[in-house]
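What's in model.cif: mmCIF, C-alpha atoms
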data_coords
loop_
_atom_site.label_atom_id
_atom_site.label_comp_id
_atom_site.auth_asym_id
_atom_site.auth_seq_id
_atom_site.Cartn_x
_atom_site.Cartn_y
_atom_site.Cartn_z
CA MET A 18 59.60 -24.83 -9.05
CA SER A 19 57.15 -24.95 -6.13
CA GLY A 20 53.86 -23.15 -5.54
CA PRO A 21 50.73 -25.15 -6.40
CA LEU A 22 52.55 -27.84 -8.42
CA VAL A 23 52.42 -31.31 -6.84
CA PRO A 24 55.77 -32.38 -5.36
CA ARG A 25 56.36 -35.31 -7.73
CA MET A 26 56.43 -32.89 -10.71
CA ARG A 27 58.57 -30.13 -9.20
CA GLU A 28 61.76 -31.33 -10.83
CA PHE A 29 60.19 -30.64 -14.22
CA GLY A 30 59.90 -27.19 -15.72
CA GLU A 31 59.54 -26.05 -19.31
CA THR A 32 60.90 -28.73 -21.63
CA ILE A 33 64.35 -28.14 -23.05
CA PHE A 34 62.83 -28.34 -26.55
CA ALA A 35 60.43 -25.47 -25.90
CA GLU A 36 63.17 -23.42 -24.28
CA MET A 37 65.72 -23.88 -27.05
CA SER A 38 63.20 -23.53 -29.89
CA ALA A 39 62.11 -20.21 -28.37
CA ARG A 40 65.76 -19.16 -28.29
CA ALA A 41 66.07 -20.07 -31.97
CA VAL A 42 63.14 -17.81 -32.83
CA ALA A 43 64.31 -14.97 -30.61
CA THR A 44 67.83 -14.96 -32.05
CA GLY A 45 67.11 -15.95 -35.64
CA SER A 46 69.25 -19.07 -35.15
CA ILE A 47 69.18 -22.28 -37.16
CA ASN A 48 67.30 -24.81 -35.07
CA LEU A 49 69.16 -28.13 -35.03
CA GLY A 50 67.70 -28.82 -31.60
CA GLN A 51 64.13 -30.06 -31.87
CA GLY A 52 63.62 -33.09 -34.09
CA PHE A 53 61.19 -32.02 -36.77
CA PRO A 54 61.82 -32.02 -40.53
CA ASP A 55 61.63 -28.87 -42.61
CA THR A 56 59.95 -30.68 -45.51
CA ASP A 57 56.55 -32.41 -45.68
CA GLY A 58 55.54 -36.02 -46.07
CA PRO A 59 54.19 -37.87 -49.14
CA PRO A 60 51.90 -35.57 -51.17
CA ALA A 61 49.23 -38.22 -51.71
CA MET A 62 49.16 -38.92 -47.97
CA LEU A 63 48.74 -35.22 -47.23
CA GLU A 64 45.93 -35.05 -49.78
CA THR A 65 44.23 -38.00 -48.07
CA ALA A 66 44.08 -35.94 -44.86
CA VAL A 67 42.72 -32.93 -46.76
CA GLU A 68 40.05 -35.06 -48.43
CA ALA A 69 39.09 -36.58 -45.07
CA ILE A 70 38.50 -33.05 -43.74
CA ARG A 71 36.53 -32.00 -46.81
CA SER A 72 34.38 -35.13 -46.78
CA GLY A 73 33.15 -34.58 -43.23
CA GLY A 74 35.50 -36.67 -41.11
CA ASN A 75 35.82 -33.93 -38.50
CA GLN A 76 33.88 -35.27 -35.52
CA TYR A 77 34.96 -37.72 -32.84
CA PRO A 78 36.26 -40.97 -34.31
CA PRO A 79 35.91 -44.18 -32.27
CA GLY A 80 37.92 -43.89 -29.06
CA PRO A 81 40.19 -46.88 -29.84
CA GLY A 82 40.87 -45.50 -33.32
CA LEU A 83 39.45 -45.80 -36.81
CA PRO A 84 39.19 -49.46 -37.85
CA GLU A 85 41.09 -48.75 -41.08
CA LEU A 86 44.15 -47.48 -39.19
CA ARG A 87 44.07 -50.29 -36.65
CA GLU A 88 43.87 -52.79 -39.51
CA ALA A 89 46.72 -51.08 -41.37
CA VAL A 90 48.92 -51.18 -38.25
CA ALA A 91 48.17 -54.89 -37.77
CA GLU A 92 49.06 -55.52 -41.42
CA GLN A 93 52.33 -53.61 -41.00
CA ARG A 94 53.37 -55.56 -37.89
CA LEU A 95 52.62 -58.86 -39.63
CA GLU A 96 54.24 -58.08 -42.98
CA ARG A 97 57.36 -56.42 -41.61
CA TYR A 98 58.01 -58.37 -38.41
CA GLY A 99 55.84 -61.49 -38.50
CA LEU A 100 53.88 -60.33 -35.44
CA GLU A 101 50.16 -61.05 -35.56
CA PHE A 102 47.77 -58.70 -33.73
CA ASP A 103 44.00 -58.59 -33.69
CA PRO A 104 43.19 -55.04 -34.88
CA ALA A 105 39.95 -55.00 -32.88
CA ALA A 106 41.52 -55.96 -29.53
CA GLU A 107 45.30 -55.61 -29.74
CA VAL A 108 45.82 -52.30 -31.58
CA TYR A 109 44.95 -48.93 -30.03
CA VAL A 110 45.42 -45.44 -31.49
CA THR A 111 46.95 -42.66 -29.38
CA VAL A 112 47.78 -38.97 -29.71
CA GLY A 113 51.31 -39.64 -30.85
CA ALA A 114 53.82 -42.00 -29.33
CA THR A 115 54.41 -39.70 -26.36
CA GLU A 116 50.85 -40.27 -25.20
CA GLY A 117 51.13 -43.96 -26.02
CA VAL A 118 54.16 -44.32 -23.75
CA ALA A 119 52.57 -42.17 -21.03
CA ALA A 120 49.28 -44.07 -21.01
CA SER A 121 51.13 -47.39 -20.99
CA VAL A 122 53.37 -46.48 -18.06
CA MET A 123 50.52 -44.93 -16.07
CA ALA A 124 48.37 -47.99 -16.73
CA LEU A 125 50.99 -50.54 -15.72
CA ALA A 126 53.03 -48.88 -12.94
CA GLY A 127 51.99 -46.96 -9.86
CA PRO A 128 53.14 -45.72 -6.45
CA GLY A 129 55.81 -47.98 -5.02
CA ASP A 130 56.71 -49.49 -8.40
CA GLU A 131 60.01 -48.98 -10.21
CA VAL A 132 60.54 -48.48 -13.93
CA ILE A 133 63.92 -49.19 -15.51
CA VAL A 134 64.98 -46.63 -18.13
CA PHE A 135 68.13 -46.46 -20.22
CA GLU A 136 69.85 -43.11 -19.79
CA PRO A 137 70.15 -40.80 -21.61
CA TYR A 138 66.41 -41.02 -22.23
CA TYR A 139 63.82 -38.98 -24.11
CA ASP A 140 62.73 -36.34 -21.63
CA SER A 141 59.05 -37.32 -21.40
CA TYR A 142 59.96 -40.69 -19.87
CA ALA A 143 61.02 -39.24 -16.53
CA ALA A 144 57.92 -37.05 -16.33
CA THR A 145 55.68 -39.97 -17.27
CA VAL A 146 57.12 -42.18 -14.53
CA ALA A 147 56.60 -39.34 -12.06
CA LEU A 148 53.00 -38.86 -13.20
CA ALA A 149 52.44 -42.55 -12.53
CA GLY A 150 53.76 -42.07 -8.99
CA ALA A 151 56.47 -44.64 -9.68
CA SER A 152 60.26 -44.34 -9.40
CA ARG A 153 62.78 -44.66 -12.22
CA ARG A 154 65.88 -46.86 -12.09
CA PRO A 155 68.36 -45.68 -14.74
CA VAL A 156 70.79 -47.96 -16.56
CA MET A 157 73.60 -46.07 -18.27
CA LEU A 158 74.30 -46.18 -22.01
CA ARG A 159 78.02 -45.51 -22.51
CA PRO A 160 80.08 -45.05 -25.66
CA VAL A 161 81.82 -48.30 -26.61
CA GLU A 162 83.61 -48.61 -29.97
CA GLY A 163 81.71 -45.74 -31.51
CA ARG A 164 78.20 -46.49 -30.29
CA PHE A 165 76.28 -46.24 -27.01
CA THR A 166 75.44 -49.49 -25.23
CA PHE A 167 74.74 -50.85 -21.74
CA ASP A 168 76.44 -53.26 -19.38
CA PRO A 169 74.23 -56.37 -18.98
CA ASP A 170 75.34 -56.73 -15.38
CA GLU A 171 74.20 -53.19 -14.61
CA LEU A 172 70.80 -53.94 -16.12
CA ARG A 173 70.45 -57.08 -14.02
CA ALA A 174 71.55 -55.20 -10.90
CA ALA A 175 68.92 -52.51 -11.49
CA VAL A 176 66.09 -55.01 -11.02
CA GLY A 177 64.66 -55.10 -7.53
CA PRO A 178 61.58 -56.48 -5.79
CA ARG A 179 59.56 -53.39 -6.77
CA THR A 180 60.55 -53.35 -10.45
CA ARG A 181 57.49 -53.52 -12.68
CA LEU A 182 58.49 -52.25 -16.14
CA ILE A 183 61.47 -51.81 -18.45
CA LEU A 184 61.12 -48.87 -20.82
CA VAL A 185 63.06 -49.55 -24.03
CA ASN A 186 63.70 -47.11 -26.88
CA SER A 187 65.26 -48.46 -30.09
CA PRO A 188 66.27 -46.84 -32.38
CA HIS A 189 67.33 -44.72 -29.43
CA ASN A 190 66.83 -40.99 -28.98
CA PRO A 191 69.14 -39.27 -28.14
CA ALA A 192 72.03 -41.76 -28.39
CA GLY A 193 71.31 -42.99 -31.94
CA THR A 194 71.83 -46.64 -30.98
CA VAL A 195 69.88 -49.45 -32.60
CA PHE A 196 69.93 -52.30 -30.10
CA THR A 197 71.34 -55.53 -31.51
CA ARG A 198 69.66 -58.89 -31.18
CA ASP A 199 72.14 -59.82 -28.47
CA GLU A 200 71.37 -56.64 -26.49
CA LEU A 201 67.65 -57.21 -26.86
CA GLN A 202 68.09 -60.82 -25.76
CA VAL A 203 69.62 -59.61 -22.49
CA ILE A 204 66.59 -57.37 -21.95
CA ALA A 205 64.23 -60.22 -22.82
CA ASP A 206 66.02 -62.61 -20.44
CA VAL A 207 65.70 -60.08 -17.60
CA CYS A 208 61.99 -59.56 -18.34
CA ARG A 209 61.25 -63.29 -18.35
CA GLU A 210 63.37 -64.04 -15.30
CA HIS A 211 61.73 -61.34 -13.18
CA ASP A 212 58.24 -61.37 -14.76
CA LEU A 213 58.56 -57.79 -16.02
CA VAL A 214 56.60 -55.98 -18.71
CA ALA A 215 58.48 -54.10 -21.44
CA VAL A 216 57.15 -50.87 -22.94
CA THR A 217 59.01 -50.20 -26.19
CA ASP A 218 59.19 -46.90 -28.05
CA GLU A 219 59.89 -47.71 -31.71
CA VAL A 220 58.98 -44.44 -33.47
CA TYR A 221 62.19 -44.50 -35.54
CA GLU A 222 61.67 -48.09 -36.63
CA TYR A 223 62.12 -47.28 -40.36
CA LEU A 224 64.97 -44.79 -39.93
CA THR A 225 68.08 -46.92 -39.50
CA TYR A 226 71.42 -46.59 -41.29
CA ASP A 227 74.48 -48.54 -42.40
CA GLY A 228 72.49 -51.76 -42.53
CA ALA A 229 71.48 -51.66 -38.87
CA GLU A 230 68.35 -53.79 -38.40
CA HIS A 231 65.49 -52.70 -36.19
CA ILE A 232 64.31 -55.76 -34.25
CA PRO A 233 61.13 -55.34 -32.21
CA LEU A 234 61.58 -56.76 -28.72
CA ALA A 235 58.20 -58.46 -29.11
CA THR A 236 59.66 -60.79 -31.78
CA LEU A 237 61.97 -62.51 -29.29
CA ASP A 238 60.89 -65.75 -27.64
CA GLY A 239 58.37 -65.23 -24.88
CA MET A 240 58.20 -61.45 -25.35
CA ARG A 241 55.08 -60.89 -27.42
CA GLU A 242 52.93 -61.68 -24.40
CA ARG A 243 54.82 -59.22 -22.13
CA THR A 244 55.60 -56.32 -24.47
CA VAL A 245 53.62 -53.13 -25.12
CA THR A 246 54.94 -51.64 -28.36
CA VAL A 247 54.45 -47.97 -29.23
CA SER A 248 55.05 -46.35 -32.61
CA SER A 249 53.66 -43.52 -34.71
CA VAL A 250 53.34 -41.94 -38.12
CA GLY A 251 55.20 -38.72 -37.32
CA LYS A 252 58.88 -39.57 -37.84
CA SER A 253 58.58 -42.20 -40.57
CA PHE A 254 56.37 -40.01 -42.78
CA SER A 255 57.64 -36.51 -41.82
CA VAL A 256 54.34 -35.42 -40.29
CA THR A 257 55.36 -34.87 -36.68
CA GLY A 258 52.57 -32.33 -36.13
CA TRP A 259 49.86 -34.92 -36.77
CA LYS A 260 50.49 -36.55 -33.36
CA THR A 261 49.08 -39.92 -34.40
CA GLY A 262 50.49 -43.06 -32.84
CA TRP A 263 49.47 -46.53 -31.76
CA VAL A 264 49.98 -49.24 -29.20
CA THR A 265 50.17 -52.93 -30.08
CA ALA A 266 50.05 -55.47 -27.26
CA PRO A 267 48.10 -58.43 -25.90
CA ALA A 268 44.46 -57.53 -25.32
CA ARG A 269 44.76 -57.32 -21.52
CA TYR A 270 47.48 -54.66 -21.83
CA VAL A 271 45.60 -52.74 -24.51
CA GLN A 272 42.56 -52.69 -22.21
CA ALA A 273 44.74 -51.29 -19.43
CA VAL A 274 46.16 -48.60 -21.71
CA GLN A 275 42.68 -47.73 -22.96
CA THR A 276 41.43 -47.28 -19.41
CA VAL A 277 44.00 -44.51 -18.91
CA LYS A 278 44.12 -42.99 -22.39
CA GLN A 279 40.34 -42.54 -22.73
CA PHE A 280 40.43 -40.04 -19.86
CA LEU A 281 43.41 -38.14 -21.24
CA THR A 282 42.25 -37.26 -24.77
CA TYR A 283 39.53 -39.84 -25.56
CA ALA A 284 40.18 -39.82 -29.31
CA THR A 285 42.81 -38.92 -31.90
CA GLY A 286 42.11 -36.69 -34.93
CA GLY A 287 40.18 -38.64 -37.54
CA PRO A 288 41.66 -37.10 -40.71
CA TRP A 289 45.19 -37.88 -39.58
CA GLN A 290 44.22 -41.46 -38.79
CA ARG A 291 42.76 -41.97 -42.25
CA ALA A 292 45.88 -40.52 -43.86
CA ALA A 293 48.15 -42.62 -41.62
CA ALA A 294 46.35 -45.77 -42.74
CA TYR A 295 46.87 -44.71 -46.35
CA GLY A 296 50.56 -44.07 -45.67
CA LEU A 297 51.20 -47.46 -44.08
CA ARG A 298 49.55 -49.21 -47.01
CA ASN A 299 50.84 -47.12 -49.91
CA GLU A 300 53.81 -44.94 -49.04
CA LEU A 301 56.50 -47.24 -47.63
CA PRO A 302 58.62 -46.79 -50.79
CA TRP A 303 58.58 -43.05 -50.01
CA VAL A 304 59.72 -43.86 -46.46
CA GLU A 305 62.63 -45.87 -47.83
CA GLU A 306 63.72 -42.90 -49.94
CA LEU A 307 63.44 -40.72 -46.83
CA ARG A 308 65.67 -43.17 -44.95
CA LYS A 309 68.30 -42.97 -47.67
CA SER A 310 68.21 -39.19 -47.72
CA LEU A 311 68.51 -39.00 -43.94
CA GLU A 312 71.52 -41.31 -44.02
CA ALA A 313 73.19 -38.90 -46.43
CA LYS A 314 72.21 -35.92 -44.26
CA ARG A 315 73.66 -37.66 -41.23
CA ASP A 316 76.96 -38.10 -43.05
CA ARG A 317 76.83 -34.47 -44.18
CA LEU A 318 76.32 -33.19 -40.65
CA VAL A 319 78.89 -35.54 -39.10
CA ALA A 320 81.54 -34.43 -41.59
CA GLY A 321 80.69 -30.78 -40.97
CA LEU A 322 80.75 -31.10 -37.19
CA GLU A 323 84.09 -32.87 -37.25
CA ALA A 324 85.51 -30.19 -39.57
CA ALA A 325 84.28 -27.60 -37.06
CA GLY A 326 86.21 -29.33 -34.29
CA PHE A 327 83.66 -31.57 -32.59
CA ALA A 328 84.13 -35.28 -32.00
CA THR A 329 81.02 -37.19 -33.09
CA TYR A 330 79.25 -40.50 -32.68
CA ARG A 331 77.74 -41.67 -35.97
CA PRO A 332 74.15 -42.72 -35.15
CA GLN A 333 72.72 -46.00 -36.40
CA GLY A 334 69.22 -44.53 -36.44
CA THR A 335 66.95 -41.56 -35.58
CA TYR A 336 67.40 -37.88 -36.53
CA PHE A 337 70.29 -37.02 -34.19
CA VAL A 338 74.07 -36.86 -33.84
CA GLN A 339 75.80 -36.81 -30.48
CA ALA A 340 78.75 -34.39 -30.52
CA ASP A 341 81.52 -34.29 -27.92
CA ILE A 342 82.34 -30.65 -27.16
CA ARG A 343 85.62 -31.23 -25.31
CA PRO A 344 87.91 -31.00 -28.37
CA LEU A 345 86.72 -27.40 -28.73
CA GLY A 346 87.65 -26.63 -25.14
CA PHE A 347 84.15 -26.78 -23.65
CA ALA A 348 83.03 -29.01 -20.77
CA ASP A 349 79.42 -28.07 -19.96
CA GLY A 350 76.80 -28.80 -22.61
CA ILE A 351 74.11 -26.65 -21.02
CA GLU A 352 76.43 -23.68 -20.85
CA LEU A 353 77.47 -24.14 -24.49
CA ALA A 354 73.92 -24.76 -25.76
CA LYS A 355 72.69 -21.57 -24.14
CA ALA A 356 75.59 -19.63 -25.63
CA LEU A 357 75.42 -21.12 -29.13
CA PRO A 358 72.56 -18.97 -30.45
CA ASP A 359 74.51 -15.79 -29.69
CA ARG A 360 77.98 -17.12 -30.48
CA ALA A 361 77.18 -19.07 -33.64
CA GLY A 362 73.52 -18.60 -34.56
CA VAL A 363 72.75 -22.30 -34.08
CA VAL A 364 70.57 -24.12 -31.56
CA ALA A 365 71.42 -27.58 -30.18
CA ILE A 366 70.17 -29.60 -27.21
CA PRO A 367 72.46 -30.32 -24.23
CA THR A 368 72.42 -34.08 -23.76
CA GLN A 369 72.88 -33.95 -20.00
CA VAL A 370 69.22 -32.97 -19.54
CA PHE A 371 68.36 -36.56 -20.56
CA TYR A 372 70.26 -38.12 -17.66
CA ASP A 373 69.62 -38.90 -14.02
CA HIS A 374 73.41 -38.63 -13.75
CA PRO A 375 74.00 -35.45 -15.79
CA GLU A 376 77.74 -35.49 -15.25
CA ALA A 377 77.91 -38.50 -17.60
CA GLY A 378 76.49 -36.48 -20.46
CA ALA A 379 77.83 -33.03 -19.63
CA HIS A 380 80.26 -33.04 -22.56
CA PHE A 381 77.69 -33.93 -25.24
CA VAL A 382 75.25 -31.85 -27.26
CA ARG A 383 72.68 -33.23 -29.70
CA PHE A 384 72.26 -31.92 -33.24
CA ALA A 385 69.37 -32.85 -35.56
CA PHE A 386 70.05 -33.63 -39.23
CA CYS A 387 66.43 -33.93 -40.46
CA LYS A 388 66.84 -30.62 -42.31
CA LYS A 389 67.46 -29.44 -45.86
CA ASP A 390 71.05 -29.79 -47.04
CA GLU A 391 71.50 -26.05 -47.36
CA VAL A 392 70.32 -25.60 -43.75
CA ILE A 393 72.84 -28.17 -42.52
CA ASP A 394 75.61 -26.51 -44.53
CA GLU A 395 74.81 -23.05 -43.20
CA ALA A 396 74.67 -24.35 -39.61
CA VAL A 397 78.06 -26.03 -39.99
CA GLU A 398 79.57 -22.87 -41.46
CA ARG A 399 78.32 -20.91 -38.47
CA LEU A 400 79.67 -23.49 -36.03
CA HIS A 401 83.17 -22.93 -37.34
CA ARG A 402 83.06 -19.67 -35.37
CA LEU A 403 83.51 -21.70 -32.17
CA ALA A 404 86.96 -22.86 -33.19
CA GLY A 405 87.93 -19.26 -33.81
#

Have the structure of the file written as structure tokens, please.
Amino acid sequence: MSGPLVPRMREFGETIFAEMSARAVATGSINLGQGFPDTDGPPAMLETAVEAIRSGGNQYPPGPGLPELREAVAEQRLERYGLEFDPAAEVYVTVGATEGVAASVMALAGPGDEVIVFEPYYDSYAATVALAGASRRPVMLRPVEGRFTFDPDELRAAVGPRTRLILVNSPHNPAGTVFTRDELQVIADVCREHDLVAVTDEVYEYLTYDGAEHIPLATLDGMRERTVTVSSVGKSFSVTGWKTGWVTAPARYVQAVQTVKQFLTYATGGPWQRAAAYGLRNELPWVEELRKSLEAKRDRLVAGLEAAGFATYRPQGTYFVQADIRPLGFADGIELAKALPDRAGVVAIPTQVFYDHPEAGAHFVRFAFCKKDEVIDEAVERLHRLAG
């Protein structure tokens, strides 16, 4: 792409999610590509949003967010993780976690700076670093004993004199890894040794499986004061369209994020904020039931994919399964993903689009399991056509 687009953004076109979702609609395929549920969140939480609309909460809320949501987020961080944040100065509401990450990176890194990212990475990270005018330094996540992890020496080697940030995503999309305490300790040691700031994307914090524990990086020694944590209501409560997230960090970092965010969207929808506050305070038992159901759906999809001939990596968290396409005789994930709607009536996402080194992920595609059981079963049945 060229024309009027600024050079730093020319490597980015239409997102793979928009492209593949459009293909799903055009072909009538089952969409296991984009990560959105096909059921709604807690009814009482939805009704809270409706009542907020009906009662007149439809004008601009305060730019930093409604006090009730900021207070609910602070309560959640304290009760769940033992992290204390001042809701008036250390919690800031954003238009989803994507904006929270973008505003954080653009506030804290600029031209000449480097941002370390773990690849494969959620696709907005690369674009966000480019928007900041910074450069990304990828550290590879590779399959080791059934899960994706990084080499500590490669992380240390990625740090240079211009490194400013480490962007951490756990539970990790698209790899499904939940970083262990030991892995997080390596990241924390690198941050402290080189005086780096960590921006952490924790939107799947409640959605972990097989006993995997989500540990916020900010809970490790010396990391609260150098970590900007981003999360949201969308994944945990099955309301991805609400686009309501938040940043928690020391006040000086929140002020930096606010300086950028206020000129992007200024404020986030008030009714969704009110409902999100209600959800954090009242609907966590519903979230736990969602987690259990997603764990069962993961197992359902993994079993179906393996029966259809794929090799799979059982995720410890998130909505997604990584499937190795080589046992079926394929080698290029993009080629297969573009053919799948016509060949099998299913849409998936080619994992290689999440890499700086796409050859490392060329043999993977990503399937979402945040769907009704009958949808998963029908998709798996269709995928058996590939083996034929």

To verify the selection step, state as a PyMOL selection string which residues the PyMOL selection byres ((chain A and resi 225) around 9) yields on this input.
chain A and resi 188+195+221-224+226-231+308+312+332-335

Report as a short mmCIF file (atom, residue, chain, number, x, y, z; two decimals) with C-alpha atoms, in the coordinates of the input all protein, DNA and RNA residues lying within 10 Å of range 67-76 of chain A, evaluated on only C-alpha atoms, omitting residues in the same chain fewer than 5 positions from it.
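This went into result37.cif:
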data_model
loop_
_atom_site.label_atom_id
_atom_site.label_comp_id
_atom_site.auth_asym_id
_atom_site.auth_seq_id
_atom_site.Cartn_x
_atom_site.Cartn_y
_atom_site.Cartn_z
CA ALA A 61 49.23 -38.22 -51.71
CA MET A 62 49.16 -38.92 -47.97
CA ALA A 284 40.18 -39.82 -29.31
CA GLY A 286 42.11 -36.69 -34.93
CA GLY A 287 40.18 -38.64 -37.54
CA PRO A 288 41.66 -37.10 -40.71
CA TRP A 289 45.19 -37.88 -39.58
CA GLN A 290 44.22 -41.46 -38.79
CA ARG A 291 42.76 -41.97 -42.25
CA ALA A 292 45.88 -40.52 -43.86
#

Between CA of Val90 in chain A and CA of Lys278 in chain A, what distance in Å does the model show, to one decimal?
18.5 Å

Would you list the residues near (46.5, -58.7, -24.2), meaning any protein, DNA or RNA residue with an atom at most 12 Å from that point in file coordinates, counting only C-alpha atoms, as a VMD selection string?
chain A and resid 102 to 109 214 241 to 246 264 to 275

Per residue of range 288-404 of chain A within 10 Å of range 151-158 of chain A, what are the shortest atom pair and its distance in Å to one decimal, counting only C-alpha atoms, with rows by chain and residue number, as JSON lines?
{"residue": "A:Tyr372", "atom": "CA", "partner": "A:Pro155", "partner_atom": "CA", "distance": 8.3}
{"residue": "A:Asp373", "atom": "CA", "partner": "A:Pro155", "partner_atom": "CA", "distance": 6.9}
{"residue": "A:His374", "atom": "CA", "partner": "A:Met157", "partner_atom": "CA", "distance": 8.7}
{"residue": "A:Ala377", "atom": "CA", "partner": "A:Met157", "partner_atom": "CA", "distance": 8.7}
